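Peer 1: Sharing structure-v2.pdb below, PDB, C-alpha atoms, pLDDT in the B column:
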```
ATOM      1  CA  MET G   1     -42.458  76.147  92.499  1.00 53.00           C
ATOM      2  CA  LYS G   2     -42.813  72.391  92.280  1.00 53.00           C
ATOM      3  CA  ARG G   3     -44.081  72.729  88.729  1.00 53.00           C
ATOM      4  CA  LEU G   4     -41.077  74.861  87.761  1.00 45.00           C
ATOM      5  CA  ALA G   5     -38.670  72.306  89.252  1.00 45.00           C
ATOM      6  CA  LEU G   6     -40.357  69.489  87.321  1.00 45.00           C
ATOM      7  CA  LEU G   7     -40.269  71.520  84.123  1.00 46.00           C
ATOM      8  CA  LEU G   8     -36.589  72.305  84.611  1.00 46.00           C
ATOM      9  CA  ALA G   9     -35.732  68.660  85.370  1.00 44.00           C
ATOM     10  CA  GLY G  10     -37.656  67.514  82.279  1.00 46.00           C
ATOM     11  CA  GLY G  11     -35.888  70.080  80.116  1.00 45.00           C
ATOM     12  CA  LEU G  12     -32.466  69.008  81.367  1.00 43.00           C
ATOM     13  CA  ALA G  13     -33.278  65.350  80.782  1.00 44.00           C
ATOM     14  CA  ALA G  14     -34.518  66.067  77.255  1.00 40.00           C
ATOM     15  CA  SER G  15     -31.475  68.165  76.388  1.00 36.00           C
ATOM     16  CA  GLY G  16     -29.171  65.449  77.699  1.00 37.00           C
ATOM     17  CA  LEU G  17     -30.931  62.926  75.503  1.00 35.00           C
ATOM     18  CA  ILE G  18     -30.728  65.190  72.459  1.00 35.00           C
ATOM     19  CA  PHE G  19     -27.038  65.975  72.904  1.00 34.00           C
ATOM     20  CA  SER G  20     -26.118  62.354  73.606  1.00 34.00           C
ATOM     21  CA  GLN G  21     -27.562  61.086  70.316  1.00 36.00           C
ATOM     22  CA  GLY G  22     -25.123  60.540  67.489  1.00 40.00           C
ATOM     23  CA  THR G  23     -22.008  61.330  69.483  1.00 40.00           C
ATOM     24  CA  ASP G  24     -19.882  58.232  69.053  1.00 63.00           C
ATOM     25  CA  ASP G  25     -16.576  58.399  70.888  1.00 78.00           C
ATOM     26  CA  PRO G  26     -13.817  57.787  68.296  1.00 79.00           C
ATOM     27  CA  ALA G  27     -11.475  56.387  70.943  1.00 78.00           C
ATOM     28  CA  ALA G  28     -14.072  53.816  72.021  1.00 86.00           C
ATOM     29  CA  ILE G  29     -14.737  52.850  68.408  1.00 86.00           C
ATOM     30  CA  ALA G  30     -11.009  52.577  67.634  1.00 85.00           C
ATOM     31  CA  SER G  31     -10.518  50.199  70.562  1.00 89.00           C
ATOM     32  CA  ARG G  32     -12.583  47.627  68.668  1.00 93.00           C
ATOM     33  CA  PRO G  33     -10.950  45.077  66.375  1.00 94.00           C
ATOM     34  CA  LYS G  34     -10.531  45.988  62.725  1.00 95.00           C
ATOM     35  CA  VAL G  35     -12.248  43.799  60.157  1.00 96.00           C
ATOM     36  CA  ASP G  36     -12.447  43.496  56.399  1.00 96.00           C
ATOM     37  CA  LEU G  37     -15.615  42.188  54.833  1.00 96.00           C
ATOM     38  CA  LYS G  38     -17.011  41.801  51.368  1.00 97.00           C
ATOM     39  CA  GLY G  39     -20.635  41.420  50.400  1.00 97.00           C
ATOM     40  CA  THR G  40     -23.656  42.814  48.603  1.00 97.00           C
ATOM     41  CA  ILE G  41     -25.543  45.909  49.718  1.00 97.00           C
ATOM     42  CA  GLN G  42     -29.063  44.790  50.620  1.00 97.00           C
ATOM     43  CA  SER G  43     -30.355  48.257  51.494  1.00 96.00           C
ATOM     44  CA  VAL G  44     -29.330  51.780  52.385  1.00 93.00           C
ATOM     45  CA  GLN G  45     -30.862  53.013  55.652  1.00 91.00           C
ATOM     46  CA  LEU G  46     -31.466  56.762  55.716  1.00 85.00           C
ATOM     47  CA  GLY G  47     -33.923  57.023  58.601  1.00 71.00           C
ATOM     48  CA  ARG G  48     -34.833  60.519  59.722  1.00 72.00           C
ATOM     49  CA  GLY G  49     -33.028  61.445  62.929  1.00 69.00           C
ATOM     50  CA  GLN G  50     -30.912  58.317  62.645  1.00 67.00           C
ATOM     51  CA  GLY G  51     -27.621  60.182  62.577  1.00 69.00           C
ATOM     52  CA  ALA G  52     -25.244  58.409  60.244  1.00 83.00           C
ATOM     53  CA  PRO G  53     -26.732  56.451  57.327  1.00 92.00           C
ATOM     54  CA  THR G  54     -26.009  52.728  57.300  1.00 94.00           C
ATOM     55  CA  LEU G  55     -25.647  50.039  54.688  1.00 96.00           C
ATOM     56  CA  VAL G  56     -27.144  46.619  55.287  1.00 97.00           C
ATOM     57  CA  VAL G  57     -24.536  44.297  53.757  1.00 98.00           C
ATOM     58  CA  LYS G  58     -25.041  40.587  53.195  1.00 97.00           C
ATOM     59  CA  THR G  59     -21.760  38.691  53.460  1.00 96.00           C
ATOM     60  CA  ALA G  60     -21.150  34.958  53.059  1.00 94.00           C
ATOM     61  CA  ASP G  61     -21.513  34.548  56.846  1.00 92.00           C
ATOM     62  CA  ALA G  62     -24.034  37.128  58.046  1.00 94.00           C
ATOM     63  CA  THR G  63     -25.919  40.360  57.476  1.00 96.00           C
ATOM     64  CA  VAL G  64     -24.033  43.357  58.872  1.00 97.00           C
ATOM     65  CA  ASN G  65     -24.986  47.001  59.423  1.00 96.00           C
ATOM     66  CA  VAL G  66     -22.172  49.235  58.182  1.00 96.00           C
ATOM     67  CA  VAL G  67     -22.289  52.699  59.761  1.00 94.00           C
ATOM     68  CA  LEU G  68     -21.112  55.334  57.304  1.00 94.00           C
ATOM     69  CA  GLY G  69     -20.891  58.946  58.452  1.00 89.00           C
ATOM     70  CA  SER G  70     -22.258  62.428  58.066  1.00 88.00           C
ATOM     71  CA  MET G  71     -24.838  62.719  55.288  1.00 87.00           C
ATOM     72  CA  ARG G  72     -23.324  66.086  54.357  1.00 87.00           C
ATOM     73  CA  TYR G  73     -19.895  64.471  53.970  1.00 90.00           C
ATOM     74  CA  LEU G  74     -21.313  61.651  51.833  1.00 90.00           C
ATOM     75  CA  MET G  75     -23.007  64.191  49.566  1.00 89.00           C
ATOM     76  CA  GLU G  76     -19.826  66.291  49.293  1.00 90.00           C
ATOM     77  CA  GLN G  77     -17.956  63.163  48.222  1.00 91.00           C
ATOM     78  CA  ASP G  78     -20.709  62.348  45.673  1.00 90.00           C
ATOM     79  CA  PHE G  79     -21.135  58.962  47.329  1.00 89.00           C
ATOM     80  CA  ASN G  80     -24.442  57.296  46.525  1.00 86.00           C
ATOM     81  CA  PRO G  81     -24.392  53.512  47.114  1.00 90.00           C
ATOM     82  CA  LYS G  82     -27.213  51.378  45.711  1.00 91.00           C
ATOM     83  CA  ALA G  83     -28.757  48.071  46.747  1.00 95.00           C
ATOM     84  CA  GLY G  84     -27.408  45.137  44.762  1.00 96.00           C
ATOM     85  CA  VAL G  85     -23.885  46.554  44.431  1.00 95.00           C
ATOM     86  CA  GLU G  86     -20.924  44.598  45.803  1.00 97.00           C
ATOM     87  CA  VAL G  87     -18.906  46.376  48.470  1.00 97.00           C
ATOM     88  CA  SER G  88     -15.649  45.810  50.313  1.00 97.00           C
ATOM     89  CA  VAL G  89     -15.501  47.350  53.808  1.00 97.00           C
ATOM     90  CA  HIS G  90     -12.586  48.028  56.153  1.00 97.00           C
ATOM     91  CA  GLY G  91     -13.807  49.058  59.592  1.00 96.00           C
ATOM     92  CA  PHE G  92     -14.154  48.627  63.346  1.00 96.00           C
ATOM     93  CA  GLN G  93     -16.254  45.644  64.504  1.00 96.00           C
ATOM     94  CA  VAL G  94     -18.446  47.156  67.235  1.00 93.00           C
ATOM     95  CA  ASN G  95     -20.520  43.992  67.733  1.00 93.00           C
ATOM     96  CA  SER G  96     -21.466  40.921  65.715  1.00 91.00           C
ATOM     97  CA  ARG G  97     -23.869  42.901  63.525  1.00 95.00           C
ATOM     98  CA  THR G  98     -22.335  46.390  63.401  1.00 94.00           C
ATOM     99  CA  VAL G  99     -19.202  47.750  61.721  1.00 95.00           C
ATOM    100  CA  TYR G 100     -18.132  51.421  61.671  1.00 95.00           C
ATOM    101  CA  ALA G 101     -16.545  51.951  58.259  1.00 96.00           C
ATOM    102  CA  ILE G 102     -13.004  53.314  58.021  1.00 96.00           C
ATOM    103  CA  SER G 103     -13.191  53.000  54.251  1.00 96.00           C
ATOM    104  CA  LEU G 104     -15.277  51.175  51.709  1.00 94.00           C
ATOM    105  CA  THR G 105     -14.953  50.344  48.054  1.00 95.00           C
ATOM    106  CA  LEU G 106     -17.825  49.897  45.650  1.00 93.00           C
ATOM    107  CA  LEU G 107     -17.103  46.996  43.303  1.00 91.00           C
ATOM    108  CA  PRO G 108     -16.476  46.342  40.442  1.00 80.00           C
ATOM    109  CA  GLY G 109     -15.672  50.009  39.661  1.00 84.00           C
ATOM    110  CA  GLY G 110     -13.280  50.322  42.554  1.00 85.00           C
ATOM    111  CA  ARG G 111     -14.498  53.696  43.874  1.00 87.00           C
ATOM    112  CA  THR G 112     -13.164  54.021  47.439  1.00 93.00           C
ATOM    113  CA  LEU G 113     -14.465  56.361  50.109  1.00 94.00           C
ATOM    114  CA  LYS G 114     -12.483  57.008  53.293  1.00 95.00           C
ATOM    115  CA  LEU G 115     -14.689  57.925  56.275  1.00 95.00           C
ATOM    116  CA  ARG G 116     -12.495  57.649  59.360  1.00 93.00           C
ATOM    117  CA  ASP G 117      -8.807  57.473  60.091  1.00 91.00           C
ATOM    118  CA  GLU G 118      -7.221  54.424  61.713  1.00 89.00           C
ATOM    119  CA  GLN G 119      -7.773  55.972  65.165  1.00 89.00           C
ATOM    120  CA  GLY G 120     -11.525  56.240  64.575  1.00 89.00           C
ATOM    121  CA  TRP G 121     -11.679  60.007  64.022  1.00 89.00           C
ATOM    122  CA  PRO G 122     -14.308  61.014  61.442  1.00 91.00           C
ATOM    123  CA  LEU G 123     -12.805  62.809  58.452  1.00 91.00           C
ATOM    124  CA  TRP G 124     -15.810  65.136  58.178  1.00 87.00           C
ATOM    125  CA  GLN G 125     -14.992  66.703  61.561  1.00 82.00           C
ATOM    126  CA  ARG G 126     -11.617  68.164  60.705  1.00 65.00           C
ATOM    127  CA  GLY G 127     -10.070  70.749  58.504  1.00 54.00           C
ATOM    128  CA  ARG G 128     -13.230  72.761  57.907  1.00 47.00           C
ATOM    129  CA  ARG G 129     -14.245  76.152  59.254  1.00 40.00           C
ATOM    130  CA  GLY G 130     -11.222  76.836  61.394  1.00 35.00           C
ATOM    131  CA  ARG G 131     -10.721  73.486  63.060  1.00 40.00           C
ATOM    132  CA  GLY G 132      -7.513  73.051  61.088  1.00 44.00           C
ATOM    133  CA  GLY G 133      -7.369  69.290  61.323  1.00 44.00           C
ATOM    134  CA  GLN G 134      -7.630  69.204  65.087  1.00 42.00           C
ATOM    135  CA  ARG G 135      -9.480  66.336  66.672  1.00 37.00           C
ATOM    136  CA  GLY G 136     -12.571  67.226  68.613  1.00 36.00           C
ATOM    137  CA  TRP G 137     -13.986  70.682  69.097  1.00 27.00           C
TER     138      TRP G 137
END
```
Translate this file's structure into structure tokens.
Peer 2:
Amino acid sequence: MKRLALLLAGGLAASGLIFSQGTDDPAAIASRPKVDLKGTIQSVQLGRGQGAPTLVVKTADATVNVVLGSMRYLMEQDFNPKAGVEVSVHGFQVNSRTVYAISLTLLPGGRTLKLRDEQGWPLWQRGRRGRGGQRGW
């Protein structure tokens, strides 16, 4: 019986950890100040199990991690940023080294990708498969 209780507690803890990963609250993100930055992409981080891919962007002042969004959404939009390319980012400043992108523009070509609305809601979570543009599930 004790073994079953431990197994159940471990399973609940693991499932809580799994379901808590990658669920960023749009309202919490949107409460952060908006920033605009311009710099050069140093690298594209696509770590397995990482959730949203990030760009490491070197600006005049610092190196910033720019959180993008769903890999599926990026592929649907044919968005494939490369290291060495200049980028302009509009986003929410989560901390001194992290920005959640609202939109970004690859320079000099001017290709712009919108990822979130001004309230922080991810664009890949609405309008598909019956959600009809509603926020949340």
Peer 1: On this file, the PyMOL selection byres ((chain G and resi 61-75) around 7) gives some set of residues; write that set as a PyMOL selection string.
Peer 2: chain G and resi 52-60+76-79+97-101+115+124
Peer 1: What separation in Å, quoted to one decimal, exists between CA of Ile41 (chain G) and CA of Glu118 (chain G)?
Peer 2: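 Separation of CA of Ile41 (chain G) and CA of Glu118 (chain G): 23.5 Å.
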Peer 1: Please indicate the distance in Å from CA of Arg48 (chain G) to CA of Arg116 (chain G), rounded to one decimal place.
Peer 2: 22.5 Å
Peer 1: For CA of Gly120 (chain G) and CA of Ala30 (chain G), quote the distance in Å rounded to one decimal.
Peer 2: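 About the pair CA of Gly120 (chain G) and CA of Ala30 (chain G): they are 4.8 Å apart.
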Peer 1: Would you translate the PyMOL selection byres ((chain G and resi 89) around 8) into the concrete set of residues it matches in this file, as a PyMOL selection string?
Peer 2: chain G and resi 35-38+87-88+90-91+101-105
Peer 1: Can you work out which one of G:Val44, G:Gly39, G:Ala28, G:Glu86 has the shortest atom-to-atom distance to Gly110 (chain G), counting only C-alpha atoms?
Peer 2: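 Result for the nearest residue to Gly110 (chain G): G:Glu86.
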Peer 1: Can you work out which one of G:Ala27, G:Pro33, G:Ala83, G:Val94 has the shortest atom-to-atom distance to Leu106 (chain G), counting only C-alpha atoms?
Peer 2: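 Among G:Ala27, G:Pro33, G:Ala83, G:Val94, it is G:Ala83 that comes nearest to Leu106 (chain G).
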Peer 1: Using only C-alpha atoms for the distances, tell me which of G:Gln93, G:Asn80, G:Gln125, G:Gln45 is nearest to Arg32 (chain G).
Peer 2: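 Closest to Arg32 (chain G), using only C-alpha atoms: G:Gln93.
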